[in-house]
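Reviewing the structure listed below.
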Amino acid sequence: MLSKSIEEALNKQIKIEGESSQVYLAMASWAEVQGLSGVAEFMYDHSDEERMHMLKIVKFINERGGHAIVPAFEAPAIKFGSFKDMFQTLFEHEVFVSKSINDLVHISLEERDYATHNFLQWYVAEQIEEEALARTILDKINLIGDDKGGLYLFDNDVKQLVGQIDNTAI
Ligand SMILES: [Fe+2]
Ligand SMILES: [Fe+2]
């Protein structure tokens with residue numbers, strides 16, 4: 001059985017994962033209208049992953065006798081500046097998500113809720129992967145600089161990264 005405070009903290013994480021999904025969906029749409037089909041594909045895929053992260057928490061809360069609440073989501077931005085700015089935003093967003101997961105782990109230990117602590121380990125590992133992937137992409141972008149031909153190649157390249165984020169089923 002979940003304590004009220006753990007249930008509340010997990011419900012907050014539902015909102016964070018859901019909003020992540022919305023942000024990446026907005027990025028996908030923006031990239032698509034810019035003609036960056038590879039980047040768009042990557043972002044659509046990433047958006048799906050974040051929805052899956054959200055669903056995992058919904059099911060976990062309900063399985064443990066709590067009630068997962070589906071919240072209203074903050075509307076994401078419409079435009080994201082340059083594609084470098086966009087990936088910088090993605091990276092910073094993932095760092096923010098990692099912090100929120102760390103806080104959750106901390107609460108689960110404080111409350112000696114080892115089942116929740118165990119459940120959260122998947123998210124800890126996932127955040128390490130996602131931050132590393134975002135860093136790799138930013139390094140590539142820095143190599144390209146303002147070169148248009150490089151951007152074309154990058155757009156193709158980023159397609160290879162689709163599906164590299166963990167696809168573990170719920
Ligand atoms: Fe996530
Ligand atoms: Fe993420």
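Chain labels follow the order of the structure tokens: the first chain is A, the next B, and so on; residue numbering restarts at 1 in every chain, and ligands are counted from 1 in their shown order.
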Open item on the list: Excluding Asn102 of chain A and its own-chain neighbours fewer than 4 positions away, which residues fall within 8 Å of it when counting only C-alpha atoms? Please give them as JSON, numbers by chain.
Closed with: {"A": [98, 106, 124]}
List all protein, DNA and RNA residues that have an atom no more than 7 Å from any atom of ligand 2, counting only C-alpha atoms and all ligand atoms, and report them as a tab-separated table (two decimals) with N, CA, C and O atoms, in the first residue's frame.
chain	number	residue	atom	x	y	z
A	20	SER	N	6.71	16.12	-20.55
A	20	SER	CA	7.88	15.83	-21.39
A	20	SER	C	7.40	15.32	-22.75
A	20	SER	O	7.92	15.73	-23.80
A	50	GLU	N	8.20	9.02	-23.61
A	50	GLU	CA	7.82	9.74	-22.39
A	50	GLU	C	6.40	9.39	-21.97
A	50	GLU	O	6.11	9.28	-20.78
A	94	GLU	N	15.89	17.10	-19.68
A	94	GLU	CA	16.23	15.77	-19.13
A	94	GLU	C	16.96	15.89	-17.80
A	94	GLU	O	16.75	15.07	-16.90
A	97	VAL	N	14.34	16.47	-15.29
A	97	VAL	CA	13.62	15.22	-14.99
A	97	VAL	C	14.45	14.32	-14.07
A	97	VAL	O	13.93	13.74	-13.12
A	127	GLN	N	17.28	7.68	-17.06
A	127	GLN	CA	17.73	9.08	-17.11
A	127	GLN	C	19.22	9.17	-17.45
A	127	GLN	O	19.63	10.09	-18.16
A	130	GLU	N	19.30	8.74	-21.19
A	130	GLU	CA	18.74	9.88	-21.93
A	130	GLU	C	19.64	11.11	-21.87
A	130	GLU	O	19.80	11.82	-22.85
Task: Residues within 10 Å of ligand 1, counting only C-alpha atoms and all ligand atoms, as an NGL selection string - done: :A and (13-14 or 16-21 or 46-54 or 93-94 or 97-98 or 101 or 123-124 or 126-127 or 130)
Output N, CA and C atoms for every residue in the selection just made, as a compact mmCIF listing (two decimals), in the first residue's frame.
# COMPACT_ATOMS: atom_id res chain seq x y z
N GLN A 13 5.07 13.14 -10.64
CA GLN A 13 5.96 12.64 -11.70
C GLN A 13 5.16 12.28 -12.95
N ILE A 14 3.91 11.86 -12.78
CA ILE A 14 3.04 11.60 -13.95
C ILE A 14 2.95 12.87 -14.79
N ILE A 16 5.05 15.39 -14.87
CA ILE A 16 6.36 15.70 -15.48
C ILE A 16 6.61 14.85 -16.73
N GLU A 17 6.32 13.54 -16.63
CA GLU A 17 6.55 12.67 -17.79
C GLU A 17 5.57 13.01 -18.92
N GLY A 18 4.33 13.31 -18.56
CA GLY A 18 3.33 13.68 -19.57
C GLY A 18 3.69 14.98 -20.26
N GLU A 19 4.17 15.94 -19.48
CA GLU A 19 4.58 17.21 -20.09
C GLU A 19 5.82 17.03 -20.95
N SER A 20 6.71 16.12 -20.55
CA SER A 20 7.88 15.83 -21.39
C SER A 20 7.40 15.32 -22.75
N SER A 21 6.43 14.43 -22.72
CA SER A 21 5.89 13.89 -23.96
C SER A 21 5.31 15.01 -24.85
N HIS A 46 10.67 9.96 -29.27
CA HIS A 46 10.98 10.35 -27.89
C HIS A 46 9.69 10.71 -27.14
N SER A 47 8.79 11.36 -27.83
CA SER A 47 7.50 11.72 -27.23
C SER A 47 6.75 10.45 -26.79
N ASP A 48 6.75 9.43 -27.66
CA ASP A 48 6.10 8.15 -27.32
C ASP A 48 6.74 7.53 -26.08
N GLU A 49 8.07 7.61 -26.02
CA GLU A 49 8.79 7.04 -24.87
C GLU A 49 8.34 7.70 -23.56
N GLU A 50 8.20 9.02 -23.61
CA GLU A 50 7.82 9.74 -22.39
C GLU A 50 6.40 9.39 -21.97
N ARG A 51 5.54 9.18 -22.95
CA ARG A 51 4.18 8.75 -22.61
C ARG A 51 4.21 7.37 -21.93
N MET A 52 5.10 6.51 -22.42
CA MET A 52 5.26 5.19 -21.82
C MET A 52 5.78 5.33 -20.37
N HIS A 53 6.70 6.27 -20.15
CA HIS A 53 7.19 6.50 -18.78
C HIS A 53 6.04 6.92 -17.86
N MET A 54 5.16 7.75 -18.42
CA MET A 54 4.01 8.22 -17.65
C MET A 54 3.08 7.04 -17.32
N HIS A 93 15.99 19.86 -20.15
CA HIS A 93 14.76 19.25 -19.67
C HIS A 93 15.04 17.88 -19.04
N GLU A 94 15.89 17.10 -19.68
CA GLU A 94 16.23 15.77 -19.13
C GLU A 94 16.96 15.89 -17.80
N VAL A 97 14.34 16.47 -15.29
CA VAL A 97 13.62 15.22 -14.99
C VAL A 97 14.45 14.32 -14.07
N SER A 98 15.75 14.24 -14.35
CA SER A 98 16.64 13.42 -13.50
C SER A 98 16.58 13.89 -12.06
N ILE A 101 13.43 12.69 -10.44
CA ILE A 101 13.52 11.26 -10.12
C ILE A 101 14.37 11.06 -8.86
N TYR A 123 13.88 4.08 -13.70
CA TYR A 123 13.91 5.48 -14.13
C TYR A 123 15.30 6.10 -13.94
N VAL A 124 15.97 5.69 -12.88
CA VAL A 124 17.33 6.20 -12.65
C VAL A 124 18.22 5.81 -13.82
N GLU A 126 17.28 4.88 -16.83
CA GLU A 126 16.75 5.51 -18.04
C GLU A 126 17.26 6.96 -18.17
N GLN A 127 17.28 7.68 -17.06
CA GLN A 127 17.73 9.08 -17.11
C GLN A 127 19.22 9.17 -17.45
N GLU A 130 19.30 8.74 -21.19
CA GLU A 130 18.74 9.88 -21.93
C GLU A 130 19.64 11.11 -21.87
Exercise: Ser5 of chain A partners within 10 Å, only C-alpha atoms, chain neighbours under 6 positions left out, as a PDB file with N, CA and C atoms, in the first residue's frame:
ATOM      1  N   ASN A  11       2.326  10.963  -8.327  1.00  0.00           N
ATOM      2  CA  ASN A  11       1.369  11.671  -9.191  1.00  0.00           C
ATOM      3  C   ASN A  11       1.995  12.917  -9.822  1.00  0.00           C
ATOM      4  N   ILE A 107      12.650  10.414  -1.298  1.00  0.00           N
ATOM      5  CA  ILE A 107      11.414  10.277  -0.507  1.00  0.00           C
ATOM      6  C   ILE A 107      11.128   8.797  -0.214  1.00  0.00           C
ATOM      7  N   SER A 108      11.331   7.935  -1.234  1.00  0.00           N
ATOM      8  CA  SER A 108      11.028   6.508  -1.037  1.00  0.00           C
ATOM      9  C   SER A 108      11.927   5.904   0.048  1.00  0.00           C
ATOM     10  N   GLU A 111      10.833   7.124   3.518  1.00  0.00           N
ATOM     11  CA  GLU A 111       9.617   6.433   3.988  1.00  0.00           C
ATOM     12  C   GLU A 111       9.794   4.911   4.070  1.00  0.00           C
TER      13      GLU A 111
END
TODO: Check the smallest atom-to-atom distance from each of A:Asp45, A:Ala40, A:Leu10, A:Met86 to Lys59 of chain A using only C-alpha atoms, then report the winner.
DONE: A:Leu10
TODO: Give the answer as one residue: which of A:Ile141, A:Val70, A:Leu120, A:Phe83 has the shortest atom-to-atom distance to Val39 of chain A, using only C-alpha atoms?
DONE: A:Phe83
Open item on the list: Which residues are near Leu36 of chain A? Cut-off 10 Å, only C-alpha atoms, ignore same chain within fewer than 5 positions. Put them as a PyMOL selection string.
Closed with: chain A and resi 28-31+41+83+151-152+154-156
Dump of C-alpha atoms for the selected residues, as a PDB file, in the first residue's frame:
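Below is the file result.pdb, written as the result:
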ATOM      1  CA  ALA A  28       8.648  16.968 -33.527  1.00  0.00           C
ATOM      2  CA  SER A  29       5.993  19.098 -35.170  1.00  0.00           C
ATOM      3  CA  TRP A  30       8.270  22.141 -35.330  1.00  0.00           C
ATOM      4  CA  ALA A  31      11.142  20.096 -36.820  1.00  0.00           C
ATOM      5  CA  GLU A  41      11.163  11.198 -36.389  1.00  0.00           C
ATOM      6  CA  PHE A  83      17.912  23.143 -33.876  1.00  0.00           C
ATOM      7  CA  LEU A 151      22.825  19.919 -40.985  1.00  0.00           C
ATOM      8  CA  TYR A 152      21.530  17.721 -43.814  1.00  0.00           C
ATOM      9  CA  PHE A 154      22.955  15.420 -39.100  1.00  0.00           C
ATOM     10  CA  ASP A 155      19.256  15.128 -39.924  1.00  0.00           C
ATOM     11  CA  ASN A 156      19.960  11.786 -41.590  1.00  0.00           C
TER      12      ASN A 156
END
Task: For Trp122 of chain A, the nearest of the candidates A:Leu90, A:Met1, A:Val23, A:Ile57, counting only C-alpha atoms - done: A:Ile57
Open item on the list: Run DSSP on the backbone and tell me which residues of chain A come out as alpha helix (DSSP H); list them as number ranges by chain.
Closed with: A: 4-33, 37-63, 83-110, 114-144, 148-159
Task: Nearest to Val95 of chain A, chosen from A:Val158, A:Leu2, A:Ala134, A:Ala26, with only C-alpha atoms counted in the distances - done: A:Ala134
For the interface of segment 74-102 of chain A with segment 137-140 of chain A (cut-off 9 Å, counting only C-alpha atoms), please tabulate each contacting residue of segment 74-102 of chain A alongside its nearest pair of atoms and their separation in Å to one decimal, rows sorted by chain and increasing number, as CSV.
residue,atom,partner,partner_atom,distance
A:Lys84,CA,A:Leu138,CA,7.2
A:Phe87,CA,A:Leu138,CA,6.6
A:Gln88,CA,A:Leu138,CA,7.0
A:Phe91,CA,A:Leu138,CA,8.3
Task: Nearest candidate to Lys12 of chain A (options A:Pro71, A:Gly35, A:Pro76, A:Gly66; using only C-alpha atoms) - done: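 The answer is A:Pro71, which sits nearest to Lys12 of chain A.
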